[in-house]
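Source file: work.cif; contents: mmCIF, N, CA and C atoms.
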data_input
#
loop_
_atom_site.label_atom_id
_atom_site.label_comp_id
_atom_site.auth_asym_id
_atom_site.auth_seq_id
_atom_site.Cartn_x
_atom_site.Cartn_y
_atom_site.Cartn_z
N MET A 1 -87.98 163.12 42.54
CA MET A 1 -87.60 163.06 41.14
C MET A 1 -87.71 161.64 40.60
N ARG A 2 -87.31 160.65 41.38
CA ARG A 2 -87.37 159.25 40.93
C ARG A 2 -88.82 158.80 40.76
N ALA A 3 -89.73 159.32 41.55
CA ALA A 3 -91.13 158.92 41.45
C ALA A 3 -91.73 159.34 40.11
N ILE A 4 -91.25 160.42 39.55
CA ILE A 4 -91.75 160.88 38.25
C ILE A 4 -91.05 160.13 37.12
N THR A 5 -89.80 159.79 37.28
CA THR A 5 -89.02 159.17 36.22
C THR A 5 -89.51 157.76 35.88
N LEU A 6 -89.79 156.95 36.87
CA LEU A 6 -90.22 155.57 36.61
C LEU A 6 -91.53 155.50 35.83
N PRO A 7 -92.58 156.22 36.21
CA PRO A 7 -93.80 156.17 35.39
C PRO A 7 -93.57 156.70 33.97
N LEU A 8 -92.74 157.70 33.83
CA LEU A 8 -92.45 158.23 32.50
C LEU A 8 -91.76 157.17 31.65
N LEU A 9 -90.82 156.45 32.23
CA LEU A 9 -90.14 155.39 31.49
C LEU A 9 -91.11 154.26 31.11
N LEU A 10 -91.99 153.91 32.00
CA LEU A 10 -92.97 152.86 31.71
C LEU A 10 -93.94 153.28 30.62
N ILE A 11 -94.37 154.51 30.64
CA ILE A 11 -95.27 155.01 29.60
C ILE A 11 -94.56 155.02 28.25
N THR A 12 -93.30 155.44 28.24
CA THR A 12 -92.53 155.45 27.00
C THR A 12 -92.35 154.04 26.46
N LEU A 13 -92.05 153.10 27.34
CA LEU A 13 -91.91 151.71 26.93
C LEU A 13 -93.23 151.16 26.40
N LEU A 14 -94.32 151.48 27.03
CA LEU A 14 -95.64 151.02 26.60
C LEU A 14 -95.98 151.55 25.21
N ILE A 15 -95.77 152.82 24.99
CA ILE A 15 -96.06 153.42 23.69
C ILE A 15 -95.17 152.83 22.60
N SER A 16 -93.89 152.65 22.90
CA SER A 16 -92.97 152.07 21.92
C SER A 16 -93.35 150.65 21.57
N THR A 17 -93.68 149.85 22.56
CA THR A 17 -94.09 148.47 22.32
C THR A 17 -95.36 148.41 21.49
N PHE A 18 -96.30 149.26 21.80
CA PHE A 18 -97.54 149.30 21.04
C PHE A 18 -97.28 149.67 19.58
N ALA A 19 -96.44 150.68 19.36
CA ALA A 19 -96.15 151.12 17.99
C ALA A 19 -95.46 150.03 17.18
N ILE A 20 -94.49 149.37 17.78
CA ILE A 20 -93.78 148.31 17.07
C ILE A 20 -94.70 147.12 16.82
N GLY A 21 -95.51 146.78 17.79
CA GLY A 21 -96.40 145.64 17.66
C GLY A 21 -97.49 145.82 16.64
N THR A 22 -97.99 147.03 16.48
CA THR A 22 -99.09 147.26 15.54
C THR A 22 -98.61 147.53 14.12
N THR A 23 -97.33 147.79 13.93
CA THR A 23 -96.81 148.09 12.60
C THR A 23 -97.12 146.98 11.61
N TYR A 24 -96.89 145.74 12.01
CA TYR A 24 -97.08 144.63 11.09
C TYR A 24 -98.54 144.30 10.89
N PHE A 25 -99.39 144.59 11.86
CA PHE A 25 -100.82 144.38 11.65
C PHE A 25 -101.37 145.37 10.62
N VAL A 26 -100.85 146.57 10.61
CA VAL A 26 -101.30 147.57 9.65
C VAL A 26 -100.87 147.18 8.24
N ILE A 27 -99.61 146.79 8.06
CA ILE A 27 -99.13 146.45 6.72
C ILE A 27 -99.79 145.19 6.19
N ILE A 28 -100.11 144.25 7.08
CA ILE A 28 -100.79 143.03 6.63
C ILE A 28 -102.17 143.36 6.07
N ASP A 29 -102.80 144.36 6.63
CA ASP A 29 -104.13 144.76 6.16
C ASP A 29 -104.07 145.36 4.77
N ILE A 30 -103.02 146.09 4.45
CA ILE A 30 -102.93 146.74 3.13
C ILE A 30 -101.99 145.99 2.17
N LEU A 31 -101.55 144.79 2.57
CA LEU A 31 -100.60 144.04 1.76
C LEU A 31 -101.07 143.77 0.33
N PRO A 32 -102.30 143.36 0.09
CA PRO A 32 -102.73 143.13 -1.30
C PRO A 32 -102.64 144.39 -2.17
N ASN A 33 -102.95 145.54 -1.61
CA ASN A 33 -102.87 146.78 -2.38
C ASN A 33 -101.43 147.15 -2.70
N VAL A 34 -100.55 146.96 -1.75
CA VAL A 34 -99.13 147.26 -1.97
C VAL A 34 -98.55 146.31 -3.02
N ALA A 35 -98.88 145.03 -2.94
CA ALA A 35 -98.39 144.06 -3.91
C ALA A 35 -98.88 144.39 -5.32
N GLU A 36 -100.11 144.80 -5.42
CA GLU A 36 -100.66 145.17 -6.74
C GLU A 36 -99.96 146.40 -7.30
N ASP A 37 -99.72 147.40 -6.46
CA ASP A 37 -99.05 148.62 -6.92
C ASP A 37 -97.60 148.37 -7.34
N LEU A 38 -96.94 147.43 -6.68
CA LEU A 38 -95.54 147.13 -7.00
C LEU A 38 -95.39 146.05 -8.07
N ASN A 39 -96.53 145.55 -8.57
CA ASN A 39 -96.55 144.50 -9.60
C ASN A 39 -95.76 143.26 -9.17
N VAL A 40 -95.97 142.83 -7.94
CA VAL A 40 -95.38 141.59 -7.44
C VAL A 40 -96.51 140.73 -6.88
N THR A 41 -96.22 139.45 -6.70
CA THR A 41 -97.25 138.58 -6.14
C THR A 41 -97.38 138.83 -4.65
N LEU A 42 -98.48 138.39 -4.12
CA LEU A 42 -98.72 138.54 -2.69
C LEU A 42 -97.70 137.72 -1.90
N ALA A 43 -97.31 136.57 -2.43
CA ALA A 43 -96.30 135.73 -1.77
C ALA A 43 -94.95 136.43 -1.71
N GLN A 44 -94.55 137.08 -2.79
CA GLN A 44 -93.28 137.81 -2.80
C GLN A 44 -93.31 138.96 -1.80
N GLN A 45 -94.40 139.67 -1.77
CA GLN A 45 -94.53 140.79 -0.83
C GLN A 45 -94.49 140.29 0.61
N GLY A 46 -95.15 139.16 0.87
CA GLY A 46 -95.12 138.59 2.21
C GLY A 46 -93.72 138.16 2.61
N TYR A 47 -92.97 137.62 1.64
CA TYR A 47 -91.58 137.23 1.90
C TYR A 47 -90.76 138.43 2.33
N TRP A 48 -90.86 139.53 1.61
CA TRP A 48 -90.06 140.71 1.94
C TRP A 48 -90.52 141.35 3.25
N LEU A 49 -91.79 141.24 3.55
CA LEU A 49 -92.28 141.73 4.84
C LEU A 49 -91.67 140.90 5.96
N ARG A 50 -91.62 139.60 5.77
CA ARG A 50 -91.02 138.73 6.78
C ARG A 50 -89.53 139.00 6.92
N ARG A 51 -88.83 139.24 5.82
CA ARG A 51 -87.41 139.54 5.88
C ARG A 51 -87.14 140.85 6.62
N SER A 52 -88.04 141.80 6.51
CA SER A 52 -87.84 143.06 7.21
C SER A 52 -88.09 142.93 8.70
N ALA A 53 -88.81 141.87 9.10
CA ALA A 53 -89.11 141.67 10.51
C ALA A 53 -87.93 141.09 11.27
N GLY A 54 -86.96 140.55 10.58
CA GLY A 54 -85.79 139.98 11.25
C GLY A 54 -85.57 138.55 10.85
N PRO A 55 -84.57 137.93 11.48
CA PRO A 55 -84.20 136.56 11.10
C PRO A 55 -85.26 135.52 11.35
#
Have the structure of the file written as structure tokens, please.
Amino acid sequence: MRAITLPLLLITLLISTFAIGTTYFVIIDILPNVAEDLNVTLAQQGYWLRRSAGP
């Protein structure tokens, strides 16, 4: 049972890390479009993106 659990935990950790890591690369790619739709400057949008990433 333990032999199956460890690889499953590692795969879950790998997928989670990948998802969290790529989230900001995706939003950076569409940042100009989002800023235009929200009628804010690109600098303001970048600030709020940074604030959502943490301290």
Do you know which residues are at most 8 Å from Gly46 (chain A) counting all atoms listed in the file, after dropping those on the same chain fewer than 5 positions away, and could you put them as a PDB file with N, CA and C atoms, in the coordinates of the input?
ATOM      1  N   LEU A  31    -101.550 144.790   2.570  1.00  0.00           N
ATOM      2  CA  LEU A  31    -100.600 144.040   1.760  1.00  0.00           C
ATOM      3  C   LEU A  31    -101.070 143.770   0.330  1.00  0.00           C
ATOM      4  N   ALA A  35     -98.880 145.030  -2.940  1.00  0.00           N
ATOM      5  CA  ALA A  35     -98.390 144.060  -3.910  1.00  0.00           C
ATOM      6  C   ALA A  35     -98.880 144.390  -5.320  1.00  0.00           C
ATOM      7  N   THR A  41     -96.220 139.450  -6.700  1.00  0.00           N
ATOM      8  CA  THR A  41     -97.250 138.580  -6.140  1.00  0.00           C
ATOM      9  C   THR A  41     -97.380 138.830  -4.650  1.00  0.00           C
ATOM     10  N   ARG A  51     -88.830 139.240   5.820  1.00  0.00           N
ATOM     11  CA  ARG A  51     -87.410 139.540   5.880  1.00  0.00           C
ATOM     12  C   ARG A  51     -87.140 140.850   6.620  1.00  0.00           C
ATOM     13  N   SER A  52     -88.040 141.800   6.510  1.00  0.00           N
ATOM     14  CA  SER A  52     -87.840 143.060   7.210  1.00  0.00           C
ATOM     15  C   SER A  52     -88.090 142.930   8.700  1.00  0.00           C
TER      16      SER A  52
END
Inset, instruction - Grab the atom N of Leu10 (chain A) to atom C of Phe25 (chain A) distance for me, in Å with one decimal place. - result: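 These atoms are spaced 24.9 Å apart.
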Inset, instruction - Report the distance between atom N of Leu9 (chain A) and atom N of Val26 (chain A) in Å, rounded to one decimal place. - result: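 Calculated distance between atom N of Leu9 (chain A) and atom N of Val26 (chain A) is 25.8 Å.
Of note, atom C of Pro32 (chain A) and atom C of Gln44 (chain A) are spaced 10.8 Å apart.
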Legend entry - Among listed residues A:Thr17, A:Ile27, A:Thr22, A:Asn33, nearest Trp48 (chain A) (using only C-alpha atoms): A:Ile27
